[in-house]
Amino acid sequence: MAELEFRKAVLEDVPDLIKLIKETIVEVYGQILPRDRLMPWIEGDRLRSDVNLLWQKMIVAEKEAEIVAVAAALDDKVALLWVHPDHQRNGIGGALLDIVEAELAKSGHETAKLECFRDNDRAMGFYRAKGWNVLCQEMDEYAGAMKMVMTKTLKKDVS
């Protein structure tokens with residue numbers, strides 16, 4: 001089995017990150033959101049714009065020189081966590097989430113937040129299993145779907 005490598009994203013990763021996230025969005029959100037709500041990410045500039053704004057904060061997981069997952073923290077939030085559908089359920093998302101949580105704790109945050117669509121059952125189960133709790137739910141006006149705002153108390157950085 002090929003080993004995973006976790007590293008900070010570099011500018012040259014942007015096209016691969018866009019491809020990874022686009023393919024994952026179609027697979028995951030295609031079951032949750034109407035197609036017209038997905039179009040800005042799938043065919044529009046929204047995804048490219050988001051990746052260009054965040055790539056410097058991203059951590060990628062590589063397997064055999066291919067980016068298979070990505071995560072990022074922004075302020076006190078897990079801003080994103082995407083694992084390509086071909087690589088889900090292999091512990092990659094959990095490992096990336098652990099890395100991001102550790103970064104947030106090292107930055108001085110005692111608690112962290114993230115958002116997840118309420119109807120994304122697999123992700124909701126994953127986050128709950130990783131110790132995240134629902135703080136509240138609210139309508140994501142842009143996506144037209146309910147999202148859960150989740151929170152977690154972070155382990156103190158002892159290094």
# chains A, B, ... in the order shown; residues from 1 in each chain; ligands from 1
$ residues_around --residues "Leu74 (chain A)" --least-positions-apart "3" --cutoff "9 Å" --atoms "only C-alpha atoms" --output "MDAnalysis selection string"
chainID A and resid 54 57 77:80 104
$ closest_atom_pairs --of "region 27-79 of chain A" --to "region 128-144 of chain A" --cutoff "10 Å" --atoms "only C-alpha atoms" --output "CSV"
residue,atom,partner,partner_atom,distance
A:Ile32,CA,A:Ala143,CA,9.9
A:Leu33,CA,A:Ala143,CA,7.2
A:Pro34,CA,A:Ala143,CA,8.6
A:Asp36,CA,A:Ala143,CA,9.3
A:Arg37,CA,A:Ala143,CA,5.6
A:Leu38,CA,A:Ala143,CA,7.8
$ write_last_selection --atoms "C-alpha atoms" --output "short mmCIF file (atom, residue, chain, number, x, y, z; two decimals), in the first residue's frame"
data_model
loop_
_atom_site.label_atom_id
_atom_site.label_comp_id
_atom_site.auth_asym_id
_atom_site.auth_seq_id
_atom_site.Cartn_x
_atom_site.Cartn_y
_atom_site.Cartn_z
CA ILE A 32 -27.83 16.98 -1.49
CA LEU A 33 -28.13 20.15 -3.56
CA PRO A 34 -30.04 20.91 -6.74
CA ASP A 36 -28.48 24.85 -10.29
CA ARG A 37 -26.92 25.46 -6.85
CA LEU A 38 -23.85 23.40 -7.81
#
$ residues_around --residues "region 90-98 of chain A" --least-positions-apart "3" --cutoff "9 Å" --atoms "only C-alpha atoms" --output "list in words"
Leu4, Phe6, Ile59, Val60, Ala61, Val68, Ala69, Val70, Ala71, Ala72, Val78, Leu81, Trp82, Val83, His87, Glu101, Ala102, Glu103, Phe126, Tyr127 and Lys130 of chain A
$ select_by_dssp --residues "chain A" --states "helix (DSSP H, G or I)" --output "PyMOL selection string"
chain A and resi 11-29+35-42+46-57+85-87+92-106+121-129
$ select_by_dssp --residues "region 56-93 of chain A" --states "strand (DSSP E)" --output "PyMOL selection string"
chain A and resi 58-63+66-74+77-83
